[in-house]
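Peer 1: Dropping the structure in here first, questions after.
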Amino acid sequence: MNTTTKLPPGRRLRWNGTLIAGIVMFAIVALIALVAPMIYSGQAATLTGESNLGSEPGHLLGTDALGRDMLARTLVATRTTVLMALAATAIAAVLGVGFGIAVWLAPPRIRNLGLRLIEFFISYPGLLLAIIVAAILGQGAITAVIAVAVASIAGFARLTANLASGIASRQYITTARLLGVPGYRIAIRHVLPNMAEPMLIITAQAFAGALVEISGLSFVGLGTQAPYYDYGTLLADSLSKIMTNPILLVGPAVAIIFVSMAALFVGDGLAAAANPRSNAKQAQMSARVDEGSSLDVPTDAVLVADGIRVSHIESGREIVSDVSFTIGRGEIVGIVGESGSGKSLTASVVSCLLQDGLEASARRLTLGHTDLLGRVPQAELASRIGLVYQDPGTALNPALTLGSQLTDVLRTRLGFSRREARKALIAAFKDVLMPDPEGRLRQNPHELSGGMNQRAMIASAMSVEPELLIADEPTTALDVTVQREVLTLINRLNSERGTAVLFISHDLGVVRRLCDRVLVMQQGQIVEHITSMDDLTVERAQHPYTKQLLAATPVVNVDSMEDA
Amino acid sequence: MSKTVVNVANLDVRFGAAHVLQDVSFSLSAGTTVGVVGESGSGKSTLAKALVGTVPAAAGEIWVDGLDVRHATRSELARYRRRTQMIPQDPFSSLSPRRTIGQTLAEAIEPGRGRVRPHQDRIVDWLERVGLEGAMMDRFPHEFSGGQRQRVAIARGLILNPTMVIADEITSALDVSVQAQILELLAEIQDSLDLTMMFISHNLAVVQRVSDEVLVLYRGVVVERGPVEQIFTDPQHWYTRSLLEADPGSPGFSLDALPMASVTTPTQ
């Protein structure tokens with residue numbers, strides 16, 4: 001089991017229905033393209049006297065003006081059409097990726113010129129561009145391929161340039177630069193391999209586009225010329241008979257749709273496979289009945305969590321096992337542990353925000369008298385549990401002012417009017433000692449420092465006067481001086497209002513200063529429950545893991561030898 | 001007195017109108033570690049970048065290992081950067097996901113061609129020195145934990161036998177027990193190679209553990225510098241004292257008085 005679970009999601013190909021359907025359809029197309037010309041080319045080219053027949057046995061899709069069987073012609077045309085579309089896609093991909101990389105490697109001024117050029121071509125509809133190019137180059141299958149390729153280059157170039165600039169900010173690129181690796185080597189070694197997935201997806205889509213465009217060119221007479229034919233020419237030939245013998249249209253029309261659907265399915269399937277979240281099963285939370293509860297529930301408990309279990313739905317692997325605790329009114333309970341210990345998952349179960357792909361169960365999970373395992377209305381959750389996240393920079397929407405986004409909960413969930421919500425938020429801002437609270441409401445998050453944004457988050461979480469505040473690493477992204485301010489704030493709100501606090505952190509130093517009780521988690525289990533902060537030392541902690549954590553935590557030593 | 005490796009005098013760095021570093025001066029002798037502390041936006045990382053010449057200085061002098069970094073030619077800079085290595089912060093984005101560990105290390109040795117085979121012995125040797133196994137060279141980064149990746153990043157930084165290493169927040173993305181191992185590893189390697197090191201961190205306790213000397217940066221200005229014992233036990237500047245008091249491990253730490261939100265705005 002370990003060997004498979006060690007692989008991160010996305011490394012394995014995640015099969016999904018769309019991808020399988022696309023591949024099967026594509027295999028059929030490939031088979032037809034390979035085999036049909038060998039079997040049916042005679043039949044497709046044979047002129048017979050039975051011209052303009054409708055559907056009948058022997059000629060299911062009818063015959064054209066020269067008496068040739070349309071089904072055979074459609075099947076035979078598959079090879080030409082698919083090869084042309086493939087060639088156009090390949091040329092476009094190679095040139096587009098090359099151009100995109102060249103643009104990325106170029107000095108800033110030329111890069112900007114190149115990007116504008118790409119945008120200029122993107123703004124032209126592909127088919128229109130292809131018709132113009134084909135009109136200039138003249139008729140013929142090869143010119144149609146070139147025309148369509150030219151029209152699709154810009155799409156590849158733009159994607160490449162965009163992906164490259166995204167990848168370029170990763171540290172391995174900067175490091176390679178510092179080591180003196182030449183630019184083109186960086187492009188080949190680091191940039192191109194890391195854009196393989198999106199490239200594959202856009203290539204499948206580009207193929208579908210090229211197929212339609214090539215058929216379009218042939219349809220208007222700019223593409224394949226007699227005696228050769230593809231889907232487009234077949235469609236053009238039969239269109240004139242649309243009134244008298246409409247069955248002729250069915251062959252080429254269905255073929256174009258089928259092949260481009262196959263390509264689009266492959267593209268969508270690959271996209272879904274590359275994004276493991278898209279096909280994760282919805283999160284589930286349920287009650288579990290079993291023996292073994294050893295939880296002592298005090299009468300004043302605000303939150304009771306008894307036997308929380310979280311497991312991965314697909315693999316069945318248990319990530320959090322049997323975690324139980326209570327938080328009383330006015331208590332601050334900390335959960336500490338290293339990454340992967342399950343501390344944040346435990347918090348997400350308590351806040352009913354479990355992510356998709358996971359399922360949770362518990363013997364009991366109650367907030368006051370409400371069973372959190374049942375269906376709890378969103379509005380009730382929003383008013384009774386306050387949440388503060390690690391990074392205020394990503395938890396806040398940069399495009400909205402603090403006022404408009406932080407009053408959301410009050411207005412939509414609690415039915416406050418605009419003015420009431422504003423007033424409540426200003427009061428909350430004053431509570432967290434924000435200077436100039438009215439002015440802050442009109443500011444966007446980027447205009448404030450990280451500490452100020454975190455204050456705003458706390459103010460907003462506390463504005464609904466929740467019974468429970470869940471703070472998941474709320475100070476990890478902050479500087480020490482700001483961290484102290486935020487901790488002081490949480491401490492004060494807790495003691496003034498009696499709000500129960502669940503405080504998740506990896507920092508034992510912080511937890512020791514703030515919490516009343518601490519749960520130490522390791523690999524999804526609580527290994528130690530510390531009820532007095534005096535016991536949070538290497539000497540007095542019981543569990544070896546707690547001791548190890550404490551020993552590893554560096555502590556500043558500000559005592560010089562003389563004074564103590 | 002051992003040889004001076006780094007000499008920075010009156011360094012100024014500006015981004016447009018913003019003064020990111022102002023009148024920064026310090027020197028560093030061979031085999032010592034200088035810790036650079038300060039809050040975000042204080043100019044710690046900019047100082048590192050100015051040292052390797054990726055951020056241009058507006059004024060002042062930077063001499064490292066006998067090279068005038070500000071006025072060096074391109075090829076001098078290229079050679080210099082092979083002797084002055086940066087170890088990056090985030091072990092998850094500092095290794096290319098599609099290259100094996102061996103390829104990543106080979107690239108450091110031979111940036112142009114990056115062949116693995118001719119350098120295999122050296123790669124295996126360094127993997128073992130940072131506590132990994134030689135056989136791991138054929139594996140990809142996603143098969144490693146954060147701590148193991150940071151070991152690879154350290155091996156990459158040291159495989160060229162640099163005179164100086166700049167470690168920019170190299171443990172801040174790691175768990176405490178992994179952090180402890182990495183710090184121990186660095187200390188061991190430094191002892192055996194007589195490395196000069198600049199250790200940038202916002203974590204005062206970590207800086208105290210690894211540094212011989214400390215620079216305290218506040219808004220681009222060095223407000224205090226001195227031997228590590230002096231900075232931690234007898235800080236002179238108010239900012240150094242407030243940093244120390246804000247550390248949850250220090251005796252002066254208190255959650256009682258809520259200071260008015262500091263009126264600091266993010267650096268422009």
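Chain labels follow the order of the structure tokens: the first chain is A, the next B, and so on; residue numbering restarts at 1 in every chain, and ligands are counted from 1 in their shown order.
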Determine, counting only C-alpha atoms, which protein, DNA and RNA residues have an atom within 12 Å of an atom of Ser404 (chain A); residues of the same chain fewer than 5 positions away are not included. Present the result as a PyMOL selection string.

Peer 2: chain A and resi 396-399+409-412+418-419+421-422+425+440-445+460

Peer 1: Give one line per residue of chain B that approaches chain A to at most 8 Å, naming the two atoms of the closest pair and their distance in Å to one decimal, counting only C-alpha atoms; sort by chain then ascending residue number and deliver it as CSV.

Peer 2:
residue,atom,partner,partner_atom,distance
B:Glu39,CA,A:Asp479,CA,5.7
B:Ser40,CA,A:Asp479,CA,6.7
B:Ala78,CA,A:Gly180,CA,6.1
B:Arg81,CA,A:Leu178,CA,6.4
B:Arg82,CA,A:Leu179,CA,6.1
B:Met86,CA,A:Thr175,CA,7.7
B:Pro88,CA,A:Gln171,CA,7.1
B:Asp90,CA,A:Gln171,CA,7.7
B:Ser93,CA,A:Gln171,CA,5.4
B:Ser94,CA,A:Tyr172,CA,4.2
B:Leu95,CA,A:Tyr172,CA,5.2
B:Ser96,CA,A:Tyr172,CA,5.6
B:Pro97,CA,A:Asn194,CA,7.4
B:Arg98,CA,A:Pro193,CA,6.5
B:Arg99,CA,A:Arg189,CA,7.9
B:Glu107,CA,A:Val181,CA,7.6
B:Ala108,CA,A:Leu179,CA,6.0
B:Pro111,CA,A:Val181,CA,4.5
B:Gly112,CA,A:Val181,CA,5.7
B:His142,CA,A:Pro8,CA,7.1
B:Glu143,CA,A:Leu7,CA,7.0
B:Asp175,CA,A:Glu338,CA,5.7
B:Val176,CA,A:Ala552,CA,5.8
B:Ser177,CA,A:Ala552,CA,5.1
B:Gln179,CA,A:Ala552,CA,7.8
B:Ala180,CA,A:Ala552,CA,5.6
B:His202,CA,A:Asp479,CA,7.3
B:Leu204,CA,A:Val556,CA,6.5
B:Ala205,CA,A:Val556,CA,4.3
B:Val206,CA,A:Pro554,CA,6.1
B:Gln208,CA,A:Val556,CA,6.8
B:Arg209,CA,A:Pro554,CA,7.8
B:Glu229,CA,A:Ser560,CA,7.7
B:Phe232,CA,A:Val558,CA,5.2
B:Thr233,CA,A:Val558,CA,4.7
B:Asp234,CA,A:Ser560,CA,7.8
B:Ser242,CA,A:Thr481,CA,7.3
B:Leu243,CA,A:Thr481,CA,6.2
B:Leu244,CA,A:Val558,CA,7.9
B:Ala246,CA,A:Thr481,CA,5.0
B:Asp247,CA,A:Val480,CA,6.0
B:Pro248,CA,A:Gly509,CA,5.4
B:Gly249,CA,A:Val555,CA,5.5
B:Ser250,CA,A:Val556,CA,6.2
B:Pro251,CA,A:Val558,CA,8.0
B:Leu255,CA,A:Thr488,CA,4.6
B:Asp256,CA,A:Thr488,CA,6.7
B:Ala257,CA,A:Thr488,CA,7.4
B:Leu258,CA,A:Thr488,CA,5.9
B:Pro259,CA,A:Glu485,CA,6.7
B:Met260,CA,A:Leu433,CA,5.9
B:Ala261,CA,A:Met434,CA,6.1
B:Ser262,CA,A:Val482,CA,8.0
B:Thr264,CA,A:Ser449,CA,7.3
B:Thr265,CA,A:Ser449,CA,5.5
B:Pro266,CA,A:Ser449,CA,5.0

Peer 1: Find the residues near region 243-260 of chain A: any atom within 8 Å, counting only C-alpha atoms, skip ones fewer than 6 places away on the same chain, and give them as a list in words.

Peer 2: Met25, Phe26, Val29, Asn52, Leu53, Gly54, Ser55, Leu61, Gly62, Thr63, Asp64, Met70, Leu71, Thr74, Thr78, Phe207, Ala208, Gly209, Leu211, Val212, Tyr231, Gly232, Leu234 and Leu235 of chain A

Peer 1: Please produce a file of the residues just selected, as an mmCIF file, in the first residue's frame, where the atoms kept are N, CA, C and O atoms.

Peer 2:
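The resulting file, selection.cif, is reproduced below:
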data_model
loop_
_atom_site.group_PDB
_atom_site.id
_atom_site.type_symbol
_atom_site.label_atom_id
_atom_site.label_comp_id
_atom_site.auth_asym_id
_atom_site.auth_seq_id
_atom_site.Cartn_x
_atom_site.Cartn_y
_atom_site.Cartn_z
ATOM 1 N N MET A 25 -12.878 6.301 -28.965
ATOM 2 C CA MET A 25 -13.334 6.910 -30.214
ATOM 3 C C MET A 25 -12.158 7.170 -31.148
ATOM 4 O O MET A 25 -12.225 6.947 -32.354
ATOM 5 N N PHE A 26 -11.062 7.641 -30.574
ATOM 6 C CA PHE A 26 -9.896 7.934 -31.383
ATOM 7 C C PHE A 26 -9.304 6.669 -31.989
ATOM 8 O O PHE A 26 -8.859 6.664 -33.130
ATOM 9 N N VAL A 29 -11.312 5.855 -34.972
ATOM 10 C CA VAL A 29 -10.950 6.742 -36.079
ATOM 11 C C VAL A 29 -9.630 6.281 -36.708
ATOM 12 O O VAL A 29 -9.500 6.189 -37.931
ATOM 13 N N ASN A 52 -27.034 9.329 -57.462
ATOM 14 C CA ASN A 52 -28.022 10.042 -56.656
ATOM 15 C C ASN A 52 -29.052 9.144 -56.004
ATOM 16 O O ASN A 52 -30.243 9.447 -55.963
ATOM 17 N N LEU A 53 -28.598 7.983 -55.528
ATOM 18 C CA LEU A 53 -29.522 7.116 -54.808
ATOM 19 C C LEU A 53 -29.712 7.607 -53.384
ATOM 20 O O LEU A 53 -28.806 8.221 -52.810
ATOM 21 N N GLY A 54 -30.851 7.332 -52.807
ATOM 22 C CA GLY A 54 -31.061 7.589 -51.379
ATOM 23 C C GLY A 54 -30.515 6.409 -50.594
ATOM 24 O O GLY A 54 -29.782 5.578 -51.131
ATOM 25 N N SER A 55 -30.910 6.361 -49.323
ATOM 26 C CA SER A 55 -30.444 5.257 -48.510
ATOM 27 C C SER A 55 -31.142 3.980 -48.911
ATOM 28 O O SER A 55 -32.362 3.921 -48.979
ATOM 29 N N LEU A 61 -25.704 5.096 -47.147
ATOM 30 C CA LEU A 61 -25.725 6.555 -47.101
ATOM 31 C C LEU A 61 -25.912 7.144 -48.500
ATOM 32 O O LEU A 61 -25.603 8.297 -48.761
ATOM 33 N N GLY A 62 -26.383 6.332 -49.417
ATOM 34 C CA GLY A 62 -26.682 6.821 -50.755
ATOM 35 C C GLY A 62 -25.456 6.875 -51.650
ATOM 36 O O GLY A 62 -24.358 6.457 -51.278
ATOM 37 N N THR A 63 -25.636 7.380 -52.860
ATOM 38 C CA THR A 63 -24.529 7.543 -53.801
ATOM 39 C C THR A 63 -24.531 8.962 -54.325
ATOM 40 O O THR A 63 -25.565 9.633 -54.342
ATOM 41 N N ASP A 64 -23.350 9.428 -54.759
ATOM 42 C CA ASP A 64 -23.270 10.815 -55.224
ATOM 43 C C ASP A 64 -23.635 10.932 -56.704
ATOM 44 O O ASP A 64 -24.111 9.974 -57.310
ATOM 45 N N MET A 70 -21.425 6.710 -50.829
ATOM 46 C CA MET A 70 -21.042 7.761 -49.894
ATOM 47 C C MET A 70 -20.414 7.222 -48.608
ATOM 48 O O MET A 70 -19.511 7.824 -48.038
ATOM 49 N N LEU A 71 -20.911 6.080 -48.135
ATOM 50 C CA LEU A 71 -20.337 5.508 -46.912
ATOM 51 C C LEU A 71 -18.872 5.169 -47.144
ATOM 52 O O LEU A 71 -18.001 5.531 -46.356
ATOM 53 N N THR A 74 -16.846 8.355 -47.381
ATOM 54 C CA THR A 74 -16.620 8.981 -46.078
ATOM 55 C C THR A 74 -15.533 8.253 -45.309
ATOM 56 O O THR A 74 -14.619 8.857 -44.758
ATOM 57 N N THR A 78 -11.437 9.590 -44.337
ATOM 58 C CA THR A 78 -10.950 9.755 -42.972
ATOM 59 C C THR A 78 -9.437 9.890 -42.933
ATOM 60 O O THR A 78 -8.897 10.774 -42.261
ATOM 61 N N PHE A 207 -6.256 20.077 -32.344
ATOM 62 C CA PHE A 207 -6.518 19.104 -33.406
ATOM 63 C C PHE A 207 -7.982 19.173 -33.828
ATOM 64 O O PHE A 207 -8.297 19.186 -35.019
ATOM 65 N N ALA A 208 -8.874 19.237 -32.859
ATOM 66 C CA ALA A 208 -10.296 19.333 -33.178
ATOM 67 C C ALA A 208 -10.557 20.593 -33.996
ATOM 68 O O ALA A 208 -11.290 20.567 -34.999
ATOM 69 N N GLY A 209 -9.920 21.697 -33.588
ATOM 70 C CA GLY A 209 -10.084 22.957 -34.315
ATOM 71 C C GLY A 209 -9.551 22.842 -35.735
ATOM 72 O O GLY A 209 -10.206 23.252 -36.702
ATOM 73 N N LEU A 211 -9.203 20.198 -37.570
ATOM 74 C CA LEU A 211 -10.057 19.333 -38.376
ATOM 75 C C LEU A 211 -11.217 20.124 -38.970
ATOM 76 O O LEU A 211 -11.516 20.043 -40.167
ATOM 77 N N VAL A 212 -11.850 20.927 -38.122
ATOM 78 C CA VAL A 212 -12.994 21.709 -38.570
ATOM 79 C C VAL A 212 -12.546 22.761 -39.585
ATOM 80 O O VAL A 212 -13.184 22.968 -40.618
ATOM 81 N N TYR A 231 -13.362 15.178 -45.869
ATOM 82 C CA TYR A 231 -14.716 15.411 -45.339
ATOM 83 C C TYR A 231 -15.304 16.695 -45.914
ATOM 84 O O TYR A 231 -16.477 16.766 -46.267
ATOM 85 N N GLY A 232 -14.492 17.748 -46.011
ATOM 86 C CA GLY A 232 -14.974 19.058 -46.448
ATOM 87 C C GLY A 232 -15.481 19.021 -47.875
ATOM 88 O O GLY A 232 -16.560 19.542 -48.168
ATOM 89 N N LEU A 234 -16.468 16.366 -49.522
ATOM 90 C CA LEU A 234 -17.672 15.532 -49.554
ATOM 91 C C LEU A 234 -18.894 16.332 -49.125
ATOM 92 O O LEU A 234 -19.961 16.256 -49.712
ATOM 93 N N LEU A 235 -18.687 17.123 -48.077
ATOM 94 C CA LEU A 235 -19.788 17.932 -47.556
ATOM 95 C C LEU A 235 -20.222 18.948 -48.610
ATOM 96 O O LEU A 235 -21.432 19.142 -48.849
#

Peer 1: Can you tell me how far CA of Gly67 (chain A) sits from CA of Thr48 (chain A), in Å to one decimal?

Peer 2: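 Result for CA of Gly67 (chain A) versus CA of Thr48 (chain A): 4.7 Å, one decimal.
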
Peer 1: Using only C-alpha atoms, which residue out of B:Ser201, B:Thr104, B:Thr46, B:Gln230 lies closest to Arg156 (chain B)?

Peer 2: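 The shortest atom-to-atom distance to Arg156 (chain B) comes from B:Thr104.
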
Peer 1: Could you state the separation of CA of Gln190 (chain B) and CA of Val152 (chain B) in Å, given to one decimal place?

Peer 2: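 It comes out at 16.1 Å.
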
Peer 1: Could you pull the residues within 7 Å of Pro162 (chain B), counting only C-alpha atoms, minus those fewer than 6 positions along the same chain, as number ranges by chain?

Peer 2: B: 82-85

Peer 1: Please, which residues of region 9-250 of chain B, numbered as in this document, come out strand (DSSP E or B) from DSSP, as a ChimeraX atom specification?

Peer 2: /B:9-15,18-29,33-37,59-64,67-68,84-87,164-168,196-200,213-218,221-227

Peer 1: Measure the distance from CA of Ser29 (chain B) to CA of Val5 (chain B) in Å and round it to one decimal.

Peer 2: 5.2 Å

Peer 1: If you count only C-alpha atoms, which residues fall within 9 Å of Ala427 (chain A), apart from same-chain ones fewer than 3 positions away, as a PyMOL selection string?

Peer 2: chain A and resi 422-424+430-432+437+459+463
